[in-house]
Amino acid sequence: MDTLINDIEVIKTKKTKIHDVDFDNLSFGKTFSDHMLECDYKDGKWQAPKVVPYAPISLDPSAKIFHYGQSVFEGMKAYKDENDNVLLFRPIDNFKRLNISSKRLAMPELPEAYFMEGLKALLKVDSDWIPKNDGSSLYIRPFVFATGKGFHASPADEYKFVIATAPSGSYFAGKVKVLIEEKYSRSANGGVGFAKAGGNYAGQFYPTQLAIEKGYQQVIWTDDNTHEYIEEAGAMNIFIRINDTLITGPTSDRILDGITRKSIIELAEAEGIPVEVRKISVSEVVTAAKNGTLKEMFGAGTAAVISPIAGFGYKDEDFDLPELENTYASSLKKRITDIQTNKSEDPFGWRYNV
Ligand code: PLP
Ligand code: COI
């Protein structure tokens with residue numbers, strides 16, 4: 001299936017926007033770099049990818065993305081070390097997950113070379129857009145969506161693969177409090193929860209808005225069947241520390257198999273932290289919060305990195321987490337970001353030099 005691409009056509013912008021950007025005050029995903037990668041699927045195959053100036057995309061009103069939501073995406077980051085080497089973190093895992101998502105939505109899978117060589121070509125042209133300040137990076141958003149026309153409710157015959165990038169700072173602006181959901185569901189058995197499908201996020205927005213109105217930033221989803229078990233948050237997987245043990249729920253066809261999550265599990269085990277991957281009931285978390293054994297909760301994801309959770313709400317009760325001096329969240333965050341940015345050895349082989 002792999003096709004090697006020798007030369008990716010690059011059409012450069014006539015005017016860079018980089019001088020308008022304040023790299024010391026970056027928010028998340030709001031400023032876009034000069035170029036994007038674009039690649040069309042038609043006549044049953046992927047056409048040659050191109051790097052082009054970042055610009056709006058024009059679509060037919062009957063394009064199936066608008067009606068039937070065939071759209072999947074990925075989230076990655078590029079970093080620069082002090083010698084200006086451009087680095088990625090486990091990018092092949094993102095590539096594989098994009099294809100897993102596409103397959104579930106009856107969309108064509110991409111050859112690895114189109115993804116990897118296309119991404120490298122884009123990063124080469126826009127390498128000045130990769131921030132070097134601590135805590136900032138170039139957020140990379142690869143996505144595939146249906147451009148094929150028609151109101152018939154069936155898979156499209158044409159698609160577009162795009163990689164857009166955005167120099168970004170932290171995903172969350174302040175303290176993160178979460179609401180454990182007791183009514184709505186993000187995903188169901190046999191559904192598309194494990195896929196990074198656009199519709200999974202659209203479905204979360206309304207319940208998340210309700211949570212925001214109550215003073216929480218994210219919803220922690222519970223299983224759709226009983227709402228008794230913790231699944232994941234809107235944009236990150238969840239870790240819970242009870243006494244000294246770090247616990248995270250198992251992945252399933254309802255949960256995104258996070259690359260940060262699996263890296264944290266390996267890192268924690270290597271540090272000698274007791275780790276359990278098992279179902280976590282809401283009542284276990286509430287009991288631990290009440291008897292003082294709940295020490296930490298944090299979210300893990302590409303955008304979120306490791307985001308400590310300051311408190312949670314459940315059924316009209318509010319619980320604050322203790323403010324510990326040495327947290328697993330801060331030590332694991334340092335371990336993972338040091339590997340990502342080449343400040344430490346990478347015994348796992350996760351770092352990828354572009
Ligand atoms: N869960 C959801 C719903 C997400 O959107 C993300 C972000 O990508 C994650 C978990 C974390 O996944 P990863 O660590 O691969 O970014
Ligand atoms: C990421 O962490 O890269 C994601 O895709 C989460 C997104 C909702 C910002």
# chains A, B, ... in the order shown; residues from 1 in each chain; ligands from 1
$ residues_around --residues "range 153-166 of chain A" --least-positions-apart "2" --cutoff "8 Å" --atoms "only C-alpha atoms" --output "PyMOL selection string"
chain A and resi 28-33+35-44+54+64+68+70+106-107+119+138-151+168
$ write_last_selection --atoms "N, CA and C atoms" --output "compact mmCIF listing (two decimals), in the first residue's frame"
# COMPACT_ATOMS: atom_id res chain seq x y z
N PHE A 28 -4.27 28.45 22.43
CA PHE A 28 -4.26 27.13 21.78
C PHE A 28 -5.07 27.15 20.48
N GLY A 29 -4.38 26.85 19.38
CA GLY A 29 -5.09 26.57 18.12
C GLY A 29 -5.85 27.72 17.52
N LYS A 30 -5.33 28.94 17.67
CA LYS A 30 -6.07 30.09 17.13
C LYS A 30 -5.31 30.81 16.03
N THR A 31 -4.00 30.57 15.93
CA THR A 31 -3.17 31.23 14.93
C THR A 31 -2.64 30.13 14.02
N PHE A 32 -2.73 30.31 12.75
CA PHE A 32 -2.35 29.22 11.84
C PHE A 32 -1.12 29.60 11.04
N SER A 33 -0.29 28.62 10.80
CA SER A 33 0.97 28.90 10.11
C SER A 33 0.71 29.17 8.62
N HIS A 35 1.41 27.59 5.78
CA HIS A 35 1.11 26.57 4.76
C HIS A 35 0.29 25.41 5.32
N MET A 36 -0.25 24.61 4.43
CA MET A 36 -0.93 23.37 4.84
C MET A 36 -0.63 22.30 3.80
N LEU A 37 -0.79 21.07 4.19
CA LEU A 37 -0.65 19.98 3.23
C LEU A 37 -2.04 19.62 2.74
N GLU A 38 -2.15 19.38 1.45
CA GLU A 38 -3.46 19.04 0.89
C GLU A 38 -3.29 17.83 -0.03
N CYS A 39 -4.24 16.89 0.06
CA CYS A 39 -4.13 15.68 -0.75
C CYS A 39 -5.54 15.17 -1.01
N ASP A 40 -5.88 14.97 -2.28
CA ASP A 40 -7.25 14.57 -2.63
C ASP A 40 -7.33 13.08 -2.95
N TYR A 41 -8.47 12.53 -2.59
CA TYR A 41 -8.76 11.14 -2.96
C TYR A 41 -9.83 11.17 -4.03
N LYS A 42 -9.51 10.72 -5.23
CA LYS A 42 -10.55 10.59 -6.27
C LYS A 42 -10.19 9.48 -7.24
N ASP A 43 -11.15 9.04 -8.00
CA ASP A 43 -10.98 7.90 -8.91
C ASP A 43 -10.37 6.69 -8.18
N GLY A 44 -10.75 6.53 -6.93
CA GLY A 44 -10.34 5.34 -6.18
C GLY A 44 -8.92 5.38 -5.66
N TYR A 54 -1.78 28.32 3.38
CA TYR A 54 -2.95 28.08 4.23
C TYR A 54 -4.09 28.96 3.71
N LYS A 64 -20.50 15.37 1.33
CA LYS A 64 -21.08 14.50 2.36
C LYS A 64 -20.61 14.84 3.78
N TYR A 68 -23.45 13.99 6.40
CA TYR A 68 -23.32 12.70 7.06
C TYR A 68 -22.07 12.62 7.95
N GLN A 70 -18.80 12.49 7.65
CA GLN A 70 -17.59 11.67 7.49
C GLN A 70 -16.37 12.56 7.65
N ALA A 106 -15.91 4.28 7.16
CA ALA A 106 -15.96 3.87 5.75
C ALA A 106 -15.27 4.88 4.84
N MET A 107 -14.13 5.38 5.32
CA MET A 107 -13.35 6.35 4.55
C MET A 107 -12.05 5.69 4.12
N LEU A 119 3.85 15.35 6.01
CA LEU A 119 4.04 16.10 7.26
C LEU A 119 5.45 16.68 7.31
N LEU A 138 4.27 23.46 18.15
CA LEU A 138 3.44 23.62 16.95
C LEU A 138 2.41 22.50 16.98
N TYR A 139 1.15 22.85 17.21
CA TYR A 139 0.10 21.84 17.23
C TYR A 139 -0.21 21.45 15.79
N ILE A 140 -0.28 20.16 15.55
CA ILE A 140 -0.47 19.66 14.18
C ILE A 140 -1.83 18.98 14.10
N ARG A 141 -2.62 19.36 13.14
CA ARG A 141 -3.96 18.80 13.00
C ARG A 141 -4.12 18.15 11.61
N PRO A 142 -3.83 16.85 11.51
CA PRO A 142 -4.14 16.13 10.28
C PRO A 142 -5.63 15.77 10.28
N PHE A 143 -6.30 15.90 9.16
CA PHE A 143 -7.72 15.49 9.11
C PHE A 143 -8.11 15.04 7.72
N VAL A 144 -9.12 14.17 7.69
CA VAL A 144 -9.64 13.64 6.43
C VAL A 144 -11.15 13.83 6.45
N PHE A 145 -11.72 14.32 5.35
CA PHE A 145 -13.17 14.51 5.34
C PHE A 145 -13.73 14.28 3.93
N ALA A 146 -15.04 14.03 3.89
CA ALA A 146 -15.70 13.67 2.62
C ALA A 146 -16.04 14.91 1.81
N THR A 147 -15.46 14.99 0.64
CA THR A 147 -15.76 16.11 -0.27
C THR A 147 -16.74 15.65 -1.37
N GLY A 148 -16.89 14.33 -1.51
CA GLY A 148 -17.74 13.79 -2.58
C GLY A 148 -19.17 14.28 -2.44
N LYS A 149 -19.83 14.44 -3.59
CA LYS A 149 -21.16 15.08 -3.61
C LYS A 149 -22.31 14.08 -3.54
N GLY A 150 -23.45 14.57 -3.08
CA GLY A 150 -24.68 13.79 -3.17
C GLY A 150 -25.41 13.68 -1.85
N PHE A 151 -26.76 13.65 -1.95
CA PHE A 151 -27.57 13.54 -0.74
C PHE A 151 -27.84 12.09 -0.35
N SER A 168 1.05 26.91 19.38
CA SER A 168 0.09 26.93 20.49
C SER A 168 0.75 26.87 21.86
$ residues_near_ligand --ligand "ligand 1" --cutoff "7 Å" --atoms "only C-alpha atoms and all ligand atoms" --output "ChimeraX atom specification"
/A:74-76,196,232-237,255-261,300-303
$ closest_residue --among "A:Val51, A:Leu267, A:Ile18, A:Val305" --to "Ile238 in chain A" --atoms "only C-alpha atoms"
A:Val305
$ closest_residue --among "A:Ile57, A:Val286, A:Ile264, A:Ala197" --to "ligand 2" --atoms "only C-alpha atoms and all ligand atoms"
A:Ala197
$ residues_around --residues "Leu88 in chain A" --least-positions-apart "3" --cutoff "8 Å" --atoms "only C-alpha atoms" --output "MDAnalysis selection string"
chainID A and resid 76:79 91 340 351:354
$ residues_around --residues "Ser344 in chain A" --least-positions-apart "6" --cutoff "12 Å" --atoms "only C-alpha atoms" --output "PyMOL selection string"
chain A and resi 81+334-338+350-351
$ closest_residue --among "A:Arg254, A:Arg278, A:Lys15, A:Lys124" --to "Phe194 in chain A" --atoms "only C-alpha atoms"
A:Arg254
$ select_by_dssp --residues "range 111-331 of chain A" --states "alpha helix (DSSP H)" --output "ChimeraX atom specification"
/A:112-125,198-213,259-270,282-291,328-331
$ residues_around --residues "range 225-229 of chain A" --least-positions-apart "5" --cutoff "12 Å" --atoms "only C-alpha atoms" --output "list of chain:residue names"
A:Ile180, A:Glu181, A:Glu182, A:Lys183, A:Tyr184, A:Ser185, A:Arg186, A:Ser187, A:Ala188, A:Asn189, A:Ile220, A:Ile238, A:Thr248, A:Gly249, A:Pro250, A:Arg254, A:Arg278, A:Lys279, A:Ile280, A:Ser281, A:Val282, A:Ser283, A:Glu284, A:Val285, A:Val286, A:Tyr314, A:Lys315
$ write_last_selection --atoms "N, CA and C atoms" --output "compact mmCIF listing (two decimals), in the first residue's frame"
# COMPACT_ATOMS: atom_id res chain seq x y z
N ILE A 180 -18.41 14.85 36.69
CA ILE A 180 -18.64 13.44 36.33
C ILE A 180 -20.08 13.29 35.85
N GLU A 181 -20.21 12.84 34.61
CA GLU A 181 -21.51 12.86 33.94
C GLU A 181 -22.41 11.72 34.42
N GLU A 182 -23.66 12.05 34.66
CA GLU A 182 -24.59 11.01 35.12
C GLU A 182 -25.76 10.78 34.17
N LYS A 183 -25.86 11.62 33.11
CA LYS A 183 -27.01 11.48 32.21
C LYS A 183 -26.59 11.23 30.76
N TYR A 184 -25.79 12.14 30.21
CA TYR A 184 -25.42 12.04 28.79
C TYR A 184 -24.29 11.04 28.60
N SER A 185 -24.15 10.56 27.33
CA SER A 185 -23.06 9.64 27.01
C SER A 185 -22.27 10.16 25.82
N ARG A 186 -20.97 9.88 25.84
CA ARG A 186 -20.12 10.26 24.71
C ARG A 186 -20.13 9.17 23.64
N SER A 187 -20.24 7.92 24.09
CA SER A 187 -20.10 6.82 23.13
C SER A 187 -20.80 5.59 23.70
N ALA A 188 -20.94 4.60 22.84
CA ALA A 188 -21.64 3.38 23.28
C ALA A 188 -20.92 2.17 22.71
N ASN A 189 -21.17 1.02 23.29
CA ASN A 189 -20.59 -0.23 22.76
C ASN A 189 -20.94 -0.37 21.29
N ILE A 220 -16.29 14.46 32.66
CA ILE A 220 -15.73 13.11 32.68
C ILE A 220 -16.87 12.18 32.31
N ILE A 238 -8.08 9.88 31.47
CA ILE A 238 -8.06 10.26 32.88
C ILE A 238 -7.24 9.29 33.73
N THR A 248 -5.88 3.96 35.77
CA THR A 248 -6.59 4.48 34.60
C THR A 248 -7.48 3.37 34.06
N GLY A 249 -8.57 3.75 33.44
CA GLY A 249 -9.51 2.76 32.92
C GLY A 249 -8.94 2.07 31.69
N PRO A 250 -9.40 0.85 31.41
CA PRO A 250 -8.95 0.16 30.20
C PRO A 250 -9.55 0.80 28.96
N ARG A 254 -15.29 2.23 23.23
CA ARG A 254 -15.93 3.50 23.59
C ARG A 254 -14.93 4.61 23.90
N ARG A 278 -7.59 -0.64 35.09
CA ARG A 278 -8.80 -1.40 35.47
C ARG A 278 -9.98 -0.44 35.55
N LYS A 279 -11.15 -1.05 35.60
CA LYS A 279 -12.36 -0.21 35.70
C LYS A 279 -12.34 0.58 37.02
N ILE A 280 -12.75 1.84 36.94
CA ILE A 280 -12.79 2.68 38.15
C ILE A 280 -14.23 3.11 38.32
N SER A 281 -14.82 2.74 39.45
CA SER A 281 -16.21 3.15 39.62
C SER A 281 -16.26 4.56 40.20
N VAL A 282 -17.34 5.27 39.88
CA VAL A 282 -17.51 6.62 40.41
C VAL A 282 -17.59 6.54 41.93
N SER A 283 -18.24 5.48 42.46
CA SER A 283 -18.38 5.42 43.92
C SER A 283 -17.02 5.23 44.58
N GLU A 284 -16.10 4.52 43.91
CA GLU A 284 -14.74 4.37 44.46
C GLU A 284 -14.05 5.74 44.57
N VAL A 285 -14.23 6.56 43.54
CA VAL A 285 -13.59 7.88 43.51
C VAL A 285 -14.22 8.79 44.57
N VAL A 286 -15.55 8.74 44.67
CA VAL A 286 -16.23 9.60 45.65
C VAL A 286 -15.85 9.16 47.07
N TYR A 314 -20.06 15.83 41.29
CA TYR A 314 -20.85 14.65 40.99
C TYR A 314 -22.18 14.76 41.73
N LYS A 315 -23.26 14.68 40.99
CA LYS A 315 -24.61 14.72 41.58
C LYS A 315 -24.75 15.85 42.62
$ select_by_dssp --residues "range 175-273 of chain A" --states "strand (DSSP E or B)" --output "number ranges by chain"
A: 176-180, 197, 218-222, 229-233, 237-242, 245-248
$ closest_residue --among "A:Phe348, A:Tyr328, A:Trp46, A:Phe172" --to "ligand 2" --atoms "only C-alpha atoms and all ligand atoms"
A:Phe172
$ closest_residue --among "A:Gly135, A:Gly198, A:Pro49, A:Pro56" --to "ligand 2" --atoms "only C-alpha atoms and all ligand atoms"
A:Gly198
$ atom_distance --atom1 "CA of Gly174 in chain A" --atom2 "CA of Asp22 in chain A"
20.1 Å
$ closest_residue --among "A:Leu26, A:Ala55, A:Val72, A:Leu210" --to "ligand 2" --atoms "only C-alpha atoms and all ligand atoms"
A:Val72
